[in-house]
Amino acid sequence: MKLLYFAWIRERTGIHEETWPLPDGVTSLRDLVAALAARGPGFAHAFADLKQVRAAVNQETAKLDDPVSEGDEVAFFPPMTGG
Amino acid sequence: MKLLYFAWIRERTGIHEETWPLPDGVTSLRDLVAALAARGPGFAHAFADLKQVRAAVNQETAKLDDPVSEGDEVAFFPPMTGG
Amino acid sequence: MVVRVQRDDFDIGREMDALLAGRRDIGGVASFTGLVRAFSDARNVGALTLEHYPGMTEKALAAIEAEARERFDIQASLIVHRFGRMEPGERIVLVIAASAHRGEAFRAAEFLMDWLKTKAPFWKSEETPDGPQWVEARAADDNAVERWS
Amino acid sequence: MVVRVQRDDFDIGREMDALLAGRRDIGGVASFTGLVRAFSDARNVGALTLEHYPGMTEKALAAIEAEARERFDIQASLIVHRFGRMEPGERIVLVIAASAHRGEAFRAAEFLMDWLKTKAPFWKSEETPDGPQWVEARAADDNAVERWS
């Protein structure tokens, strides 16, 4: 799957964009966040406070319990501050 | 005094701007309107429905019972439709 | 603070740039541009002629702007109102309100327009298939002004 | 209907003219321009850098505009949002809403701005005396917590 990180989530993971294989047993965004947070301290820090994390699946805003599958583009970012 | 007429009041009186001596006994806008309405059919028509007439004395919006005196600039016009 | 009454058209970008030149404290700028519509109250309008009261108009616009600055937290504002003959699609009036905060800017711009409609000495005559017709003041505009009083 | 995401500045007069070219049914056009302020939450801001999510941003802006057209009686609308680094006084965002009636134009423009703040994937980083700081979403504007939890 394609993963994207923005703003301070990008800074903490140290990655803007990557291709990552969907781990076994991961079916929801919640599962994916748990798997990512286990990748190292930067990722753990990025996902430490889920109240501050938003996500999109295939460029549509998504909820934690929404499904994810191989081939999806999943993005993580803080609350938006446009305008 | 200086008298000004705008929009359909100007059309009915046939005058845009004139100098007119303050008639004897005229102390309020209400008196002035009565004196003007007696000047002829065009003036009578212009002031036939006072609900549709607004006035300004010395370029400030005025009420019918406001005073007028020689030397004033008095304007008559319909409700404003700017913007 | 700018008020202007003129026959000529205006350029909103240039007006805004001039109003805000050198400012670094403005977060948002709300504007409203009024245009001549080809239809008004279900009748065709070929063109509009705006008559005004030179001298009083400028004072009335300045008073409206002062009132807006009294009521709203705005750092800059502008009113430009045209007179004379204008065809459908042409610009009639521009108001701009600039503030640190967007809500105040929107509120002030709408206030400026509401008051302009009933407190500035302009009168519109429309060219219609039945000849020229003076535009009547709308009850809706009177209500809009009452909102603010 | 126009939505655009770009690094370059925009000219509000030119945008409005292009949006309304040939129209004769528009009575009023409300606009809002957001600018970089030199002060934000009582701290000095030297400049702002806007990051966005290319691809999703355009979709989000189009969805916001479609929602505005659903809710308000508007005949034309535009959103232009910049990204990249901008200094105080520079323009960040422009929204325009055009309608036969001024109330609808104002309402739609304000709606576009409100939704842009929380539903378009932009993130602001401010250059402050203490180094770069990500701008935090205002609790009052952000109902996304419910969606997410």
# chains A, B, ... in the order shown; residues from 1 in each chain; ligands from 1

$ interface_residues --of "chain A" --to "chain D" --cutoff "6 Å" --atoms "only C-alpha atoms" --output "list in words"
Gln59, Lys63, Leu64, Pro79, Met80, Thr81, Gly82 and Gly83 of chain A

$ write_last_selection --atoms "N, CA and C atoms" --output "compact mmCIF listing (two decimals), in the first residue's frame"
# COMPACT_ATOMS: atom_id res chain seq x y z
N GLN A 59 -7.73 9.22 -0.49
CA GLN A 59 -7.99 10.66 -0.57
C GLN A 59 -9.37 11.06 -0.09
N LYS A 63 -12.50 7.08 9.04
CA LYS A 63 -12.57 6.89 10.48
C LYS A 63 -11.68 5.72 10.89
N LEU A 64 -11.34 5.68 12.18
CA LEU A 64 -10.43 4.64 12.69
C LEU A 64 -10.91 3.23 12.38
N PRO A 79 -5.12 17.59 12.41
CA PRO A 79 -6.30 18.34 11.98
C PRO A 79 -5.91 19.43 10.99
N MET A 80 -6.76 19.63 9.99
CA MET A 80 -6.43 20.56 8.92
C MET A 80 -6.48 22.01 9.41
N THR A 81 -5.62 22.83 8.85
CA THR A 81 -5.59 24.25 9.24
C THR A 81 -5.47 25.14 8.00
N GLY A 82 -6.35 24.89 7.04
CA GLY A 82 -6.33 25.70 5.82
C GLY A 82 -7.07 27.00 6.00
N GLY A 83 -7.28 27.65 4.89
CA GLY A 83 -8.08 28.88 4.87
C GLY A 83 -7.29 30.11 5.23

$ select_by_dssp --residues "chain B" --states "helix (DSSP H, G or I)" --output "PyMOL selection string"
chain B and resi 7-13+29-37+41-46+50-52

$ write_last_selection --atoms "N, CA, C and O atoms" --output "short mmCIF file (atom, residue, chain, number, x, y, z; two decimals), in the first residue's frame"
data_model
loop_
_atom_site.label_atom_id
_atom_site.label_comp_id
_atom_site.auth_asym_id
_atom_site.auth_seq_id
_atom_site.Cartn_x
_atom_site.Cartn_y
_atom_site.Cartn_z
N ALA B 7 -34.80 62.32 -8.68
CA ALA B 7 -35.55 61.16 -9.17
C ALA B 7 -36.95 61.59 -9.63
O ALA B 7 -37.08 62.62 -10.30
N TRP B 8 -38.00 60.83 -9.27
CA TRP B 8 -39.32 61.18 -9.83
C TRP B 8 -39.89 62.47 -9.23
O TRP B 8 -40.78 63.08 -9.82
N ILE B 9 -39.36 62.90 -8.12
CA ILE B 9 -39.80 64.21 -7.61
C ILE B 9 -39.26 65.32 -8.50
O ILE B 9 -39.96 66.27 -8.84
N ARG B 10 -38.03 65.17 -8.94
CA ARG B 10 -37.46 66.09 -9.93
C ARG B 10 -38.28 66.07 -11.23
O ARG B 10 -38.59 67.13 -11.80
N GLU B 11 -38.65 64.88 -11.68
CA GLU B 11 -39.42 64.78 -12.93
C GLU B 11 -40.78 65.47 -12.80
O GLU B 11 -41.26 66.11 -13.74
N ARG B 12 -41.41 65.31 -11.63
CA ARG B 12 -42.75 65.88 -11.47
C ARG B 12 -42.72 67.41 -11.31
O ARG B 12 -43.57 68.11 -11.87
N THR B 13 -41.73 67.87 -10.55
CA THR B 13 -41.63 69.34 -10.41
C THR B 13 -41.06 69.97 -11.68
O THR B 13 -41.28 71.16 -11.93
N LEU B 29 -40.36 71.87 7.70
CA LEU B 29 -40.40 71.17 6.42
C LEU B 29 -41.85 70.94 6.00
O LEU B 29 -42.19 71.06 4.83
N ARG B 30 -42.71 70.63 6.99
CA ARG B 30 -44.12 70.37 6.69
C ARG B 30 -44.77 71.63 6.05
O ARG B 30 -45.48 71.52 5.04
N ASP B 31 -44.48 72.80 6.62
CA ASP B 31 -44.98 74.05 6.04
C ASP B 31 -44.44 74.24 4.62
O ASP B 31 -45.18 74.65 3.71
N LEU B 32 -43.16 73.96 4.47
CA LEU B 32 -42.52 74.18 3.17
C LEU B 32 -43.15 73.27 2.10
O LEU B 32 -43.41 73.71 0.97
N VAL B 33 -43.40 72.02 2.46
CA VAL B 33 -44.02 71.09 1.52
C VAL B 33 -45.40 71.62 1.10
O VAL B 33 -45.75 71.59 -0.09
N ALA B 34 -46.16 72.12 2.05
CA ALA B 34 -47.49 72.64 1.73
C ALA B 34 -47.39 73.84 0.78
O ALA B 34 -48.15 73.95 -0.20
N ALA B 35 -46.43 74.72 1.05
CA ALA B 35 -46.25 75.89 0.19
C ALA B 35 -45.83 75.48 -1.23
O ALA B 35 -46.30 76.03 -2.22
N LEU B 36 -44.95 74.46 -1.31
CA LEU B 36 -44.48 74.00 -2.63
C LEU B 36 -45.62 73.31 -3.39
O LEU B 36 -45.80 73.54 -4.59
N ALA B 37 -46.40 72.49 -2.70
CA ALA B 37 -47.48 71.75 -3.35
C ALA B 37 -48.50 72.71 -3.97
O ALA B 37 -49.21 72.35 -4.93
N PRO B 41 -49.69 72.11 -10.60
CA PRO B 41 -50.03 70.68 -10.66
C PRO B 41 -48.80 69.75 -10.56
O PRO B 41 -48.89 68.70 -9.93
N GLY B 42 -47.68 70.15 -11.16
CA GLY B 42 -46.48 69.31 -11.08
C GLY B 42 -46.02 69.19 -9.64
O GLY B 42 -45.72 68.07 -9.16
N PHE B 43 -45.97 70.27 -8.93
CA PHE B 43 -45.58 70.25 -7.52
C PHE B 43 -46.60 69.50 -6.67
O PHE B 43 -46.24 68.73 -5.77
N ALA B 44 -47.89 69.72 -6.97
CA ALA B 44 -48.93 69.01 -6.22
C ALA B 44 -48.77 67.50 -6.39
O ALA B 44 -48.87 66.72 -5.43
N HIS B 45 -48.47 67.08 -7.62
CA HIS B 45 -48.27 65.66 -7.93
C HIS B 45 -47.04 65.13 -7.17
O HIS B 45 -47.05 64.04 -6.60
N ALA B 46 -45.97 65.90 -7.20
CA ALA B 46 -44.72 65.48 -6.54
C ALA B 46 -44.93 65.22 -5.05
O ALA B 46 -44.36 64.28 -4.49
N LEU B 50 -47.01 61.83 0.79
CA LEU B 50 -45.81 62.15 1.59
C LEU B 50 -45.12 60.91 2.15
O LEU B 50 -43.96 60.99 2.55
N LYS B 51 -45.83 59.76 2.15
CA LYS B 51 -45.16 58.52 2.58
C LYS B 51 -43.99 58.17 1.64
O LYS B 51 -43.07 57.47 2.02
N GLN B 52 -44.08 58.66 0.41
CA GLN B 52 -43.04 58.34 -0.57
C GLN B 52 -41.98 59.42 -0.69
O GLN B 52 -41.11 59.34 -1.56
#

$ interface_residues --of "chain D" --to "chain C" --cutoff "7 Å" --atoms "only C-alpha atoms" --output "number ranges by chain"
D: 11-13, 23-39, 88-89

$ calpha_fit_rmsd --fixed "chain C" --moving "chain D"
2.9 Å

$ atom_distance --atom1 "atom CA of Ser28 of chain B" --atom2 "atom CA of Phe47 of chain B"
15.3 Å

$ residues_around --residues "Leu3 of chain A" --least-positions-apart "4" --cutoff "7 Å" --atoms "only C-alpha atoms" --output "ChimeraX atom specification"
/A:17-20,73-75

$ select_by_dssp --residues "chain D" --states "strand (DSSP E)" --output "PDB file with C-alpha atoms, in the first residue's frame"
ATOM      1  CA  VAL D   2     -13.488  26.954 -10.238  1.00  0.00           C
ATOM      2  CA  VAL D   3     -11.142  25.382  -7.697  1.00  0.00           C
ATOM      3  CA  ARG D   4      -7.404  25.792  -7.932  1.00  0.00           C
ATOM      4  CA  VAL D   5      -4.398  24.971  -5.759  1.00  0.00           C
ATOM      5  CA  GLN D   6      -1.280  26.862  -6.696  1.00  0.00           C
ATOM      6  CA  GLY D  28     -23.863  40.514  -6.197  1.00  0.00           C
ATOM      7  CA  VAL D  29     -20.470  38.987  -5.642  1.00  0.00           C
ATOM      8  CA  ALA D  30     -19.064  38.364  -2.180  1.00  0.00           C
ATOM      9  CA  SER D  31     -15.412  37.530  -1.770  1.00  0.00           C
ATOM     10  CA  PHE D  32     -13.018  36.747   1.013  1.00  0.00           C
ATOM     11  CA  THR D  33      -9.249  36.976   0.848  1.00  0.00           C
ATOM     12  CA  GLY D  34      -7.182  35.433   3.639  1.00  0.00           C
ATOM     13  CA  LEU D  35      -3.798  37.027   4.331  1.00  0.00           C
ATOM     14  CA  PHE D  39       0.901  38.235  14.670  1.00  0.00           C
ATOM     15  CA  SER D  40      -0.882  35.018  15.477  1.00  0.00           C
ATOM     16  CA  ARG D  43       3.352  35.512  18.799  1.00  0.00           C
ATOM     17  CA  ASN D  44       5.324  37.144  16.026  1.00  0.00           C
ATOM     18  CA  ALA D  47       6.364  33.827   7.499  1.00  0.00           C
ATOM     19  CA  LEU D  48       3.988  30.967   6.939  1.00  0.00           C
ATOM     20  CA  THR D  49       4.533  27.734   5.045  1.00  0.00           C
ATOM     21  CA  LEU D  50       1.488  25.859   3.801  1.00  0.00           C
ATOM     22  CA  GLU D  51       1.798  22.153   3.145  1.00  0.00           C
ATOM     23  CA  HIS D  52      -0.998  20.288   1.381  1.00  0.00           C
ATOM     24  CA  ALA D  76     -20.920  31.004  -9.707  1.00  0.00           C
ATOM     25  CA  SER D  77     -18.176  30.324  -7.203  1.00  0.00           C
ATOM     26  CA  LEU D  78     -14.424  30.041  -6.951  1.00  0.00           C
ATOM     27  CA  ILE D  79     -11.817  28.792  -4.509  1.00  0.00           C
ATOM     28  CA  VAL D  80      -8.124  29.496  -5.048  1.00  0.00           C
ATOM     29  CA  HIS D  81      -5.796  28.279  -2.293  1.00  0.00           C
ATOM     30  CA  ARG D  82      -2.043  28.761  -2.290  1.00  0.00           C
ATOM     31  CA  GLY D  84       4.319  27.093  -0.087  1.00  0.00           C
ATOM     32  CA  ARG D  85       6.014  29.879   1.848  1.00  0.00           C
ATOM     33  CA  MET D  86       4.354  33.292   2.276  1.00  0.00           C
ATOM     34  CA  ARG D  91      -2.553  36.472   0.092  1.00  0.00           C
ATOM     35  CA  ILE D  92      -3.230  32.832   1.052  1.00  0.00           C
ATOM     36  CA  VAL D  93      -6.734  32.044  -0.124  1.00  0.00           C
ATOM     37  CA  LEU D  94      -9.550  33.551  -2.165  1.00  0.00           C
ATOM     38  CA  VAL D  95     -13.187  32.533  -2.227  1.00  0.00           C
ATOM     39  CA  ILE D  96     -15.838  34.143  -4.397  1.00  0.00           C
ATOM     40  CA  ALA D  97     -19.588  33.496  -4.431  1.00  0.00           C
ATOM     41  CA  ALA D  98     -21.901  35.158  -6.934  1.00  0.00           C
ATOM     42  CA  SER D  99     -25.668  35.254  -6.721  1.00  0.00           C
ATOM     43  CA  PHE D 122      -3.714  22.120   4.345  1.00  0.00           C
ATOM     44  CA  TRP D 123      -1.350  22.536   7.269  1.00  0.00           C
ATOM     45  CA  LYS D 124       0.264  25.794   8.306  1.00  0.00           C
ATOM     46  CA  SER D 125       3.687  26.141   9.858  1.00  0.00           C
ATOM     47  CA  GLU D 126       4.630  29.542  11.261  1.00  0.00           C
ATOM     48  CA  GLU D 127       8.159  30.908  11.531  1.00  0.00           C
ATOM     49  CA  THR D 128       8.369  32.350  15.032  1.00  0.00           C
ATOM     50  CA  GLY D 131      11.516  28.382  15.550  1.00  0.00           C
ATOM     51  CA  PRO D 132       8.885  26.850  13.298  1.00  0.00           C
ATOM     52  CA  GLN D 133       5.546  26.019  14.931  1.00  0.00           C
ATOM     53  CA  TRP D 134       2.677  24.040  13.427  1.00  0.00           C
TER      54      TRP D 134
END

$ atom_distance --atom1 "atom CA of Phe6 of chain A" --atom2 "atom CA of Ala48 of chain A"
15.5 Å

$ atom_distance --atom1 "atom CA of Ala66 of chain C" --atom2 "atom CA of Ser69 of chain B"
29.0 Å

$ residues_around --residues "Ala68 of chain C" --least-positions-apart "4" --cutoff "8 Å" --atoms "only C-alpha atoms" --output "list in words"
Ile64, Phe72, Ala108, Phe111 and Leu112 of chain C

$ write_last_selection --atoms "N, CA, C and O atoms" --output "PDB file, in the first residue's frame"
ATOM      1  N   ILE C  64     -21.704  56.219   7.040  1.00  0.00           N
ATOM      2  CA  ILE C  64     -21.954  54.771   7.054  1.00  0.00           C
ATOM      3  C   ILE C  64     -20.673  54.030   7.404  1.00  0.00           C
ATOM      4  O   ILE C  64     -20.657  53.100   8.216  1.00  0.00           O
ATOM      5  N   PHE C  72     -17.802  47.358  14.413  1.00  0.00           N
ATOM      6  CA  PHE C  72     -17.043  46.144  14.117  1.00  0.00           C
ATOM      7  C   PHE C  72     -15.555  46.389  14.295  1.00  0.00           C
ATOM      8  O   PHE C  72     -15.081  47.510  14.143  1.00  0.00           O
ATOM      9  N   ALA C 108     -18.941  43.254   8.807  1.00  0.00           N
ATOM     10  CA  ALA C 108     -18.829  44.674   8.477  1.00  0.00           C
ATOM     11  C   ALA C 108     -19.177  44.928   7.010  1.00  0.00           C
ATOM     12  O   ALA C 108     -19.852  45.908   6.684  1.00  0.00           O
ATOM     13  N   PHE C 111     -22.900  44.755   6.653  1.00  0.00           N
ATOM     14  CA  PHE C 111     -23.471  45.970   7.251  1.00  0.00           C
ATOM     15  C   PHE C 111     -23.343  47.167   6.304  1.00  0.00           C
ATOM     16  O   PHE C 111     -24.305  47.913   6.084  1.00  0.00           O
ATOM     17  N   LEU C 112     -22.175  47.358   5.737  1.00  0.00           N
ATOM     18  CA  LEU C 112     -21.962  48.470   4.800  1.00  0.00           C
ATOM     19  C   LEU C 112     -22.970  48.412   3.657  1.00  0.00           C
ATOM     20  O   LEU C 112     -23.576  49.422   3.286  1.00  0.00           O
TER      21      LEU C 112
END
